Amino acid sequence: MLNRIIIMGRLARDPELRHTQTGTAVASFRVAVDRDFKDKTTGEKVTDWIDVVAWRNTAEFVSRYLTKGRLVVVEGRLQMREWNDKEGNKRTTAEVVADNVYFADSKRDAEGGSYSAPSGGYGAPNSYAPPAAPADSGYAAPAGGDQFAELTEDDGDLPF
């Protein structure tokens, strides 16, 4: 049997970290995952709100580094859990038990801030600079320190 799930979405709220009576860390959070298609009646994308539970080190990682709005990838298994509500009615919940949780965005993207190169990084004095191309190579030098430039010549037919 195979029970494997991978989802990618944004955290709907900050993870909630708890500990069992034996001290095992468990974190709960919800991931908002947009469907790949639009609703025919409204013309808008539908969002699924998926509950996720992480245990032990994964729970500690999630509670320490992830916050509401972060884009994450969750890898795990789907689990059906039964419980009783306040009125005593039997309920069933589907949730993902996370084996691995990964950042799918950068911290800078999550904060909406702008990027500034670290000192000694690319573009700083004494840093690596690519060698100059020969004048007849068809390579146009990048303008304004940009890392990429458009080629001015066509290479012709591709061999495949």
# chains A, B, ... in the order shown; residues from 1 in each chain; ligands from 1
>>> closest_atom_pairs(of="range 27-104 of chain A", to="range 16-23 of chain A", cutoff="8 Å", atoms="only C-alpha atoms", output="Markdown table")
| residue | atom | partner | partner_atom | distance |
| --- | --- | --- | --- | --- |
| A:Ala27 | CA | A:Leu17 | CA | 4.3 |
| A:Ser28 | CA | A:Glu16 | CA | 5.3 |
| A:Phe29 | CA | A:Glu16 | CA | 6.5 |
| A:Ala59 | CA | A:Leu17 | CA | 7.1 |
| A:Glu60 | CA | A:Leu17 | CA | 7.6 |
| A:Ser63 | CA | A:Leu17 | CA | 6.1 |
>>> write_last_selection(atoms="N, CA and C atoms", output="PDB file, in the first residue's frame")
ATOM      1  N   ALA A  27       3.297  19.954  16.445  1.00  0.00           N
ATOM      2  CA  ALA A  27       2.882  21.251  15.920  1.00  0.00           C
ATOM      3  C   ALA A  27       1.726  21.048  14.947  1.00  0.00           C
ATOM      4  N   SER A  28       0.740  21.923  15.037  1.00  0.00           N
ATOM      5  CA  SER A  28      -0.407  21.899  14.140  1.00  0.00           C
ATOM      6  C   SER A  28      -0.426  23.201  13.355  1.00  0.00           C
ATOM      7  N   PHE A  29      -0.726  23.090  12.073  1.00  0.00           N
ATOM      8  CA  PHE A  29      -0.875  24.288  11.249  1.00  0.00           C
ATOM      9  C   PHE A  29      -1.748  23.954  10.058  1.00  0.00           C
ATOM     10  N   ALA A  59       8.308  19.237  14.195  1.00  0.00           N
ATOM     11  CA  ALA A  59       7.438  20.165  14.921  1.00  0.00           C
ATOM     12  C   ALA A  59       8.228  21.341  15.474  1.00  0.00           C
ATOM     13  N   GLU A  60       9.390  21.067  16.039  1.00  0.00           N
ATOM     14  CA  GLU A  60      10.245  22.135  16.577  1.00  0.00           C
ATOM     15  C   GLU A  60      10.690  23.083  15.466  1.00  0.00           C
ATOM     16  N   SER A  63       7.666  25.255  14.259  1.00  0.00           N
ATOM     17  CA  SER A  63       7.279  26.307  15.205  1.00  0.00           C
ATOM     18  C   SER A  63       8.333  27.400  15.320  1.00  0.00           C
TER      19      SER A  63
END
>>> closest_residue(among="A:Val46, A:Ile5, A:Ala25, A:Leu78", to="Arg64 in chain A", atoms="only C-alpha atoms")
A:Ala25
>>> residues_around(residues="Glu44 in chain A", least_positions_apart="6", cutoff="10 Å", atoms="only C-alpha atoms", output="MDAnalysis selection string")
chainID A and resid 35 37:38
>>> atom_distance(atom1="CA of Glu95 in chain A", atom2="CA of Val52 in chain A")
5.5 Å
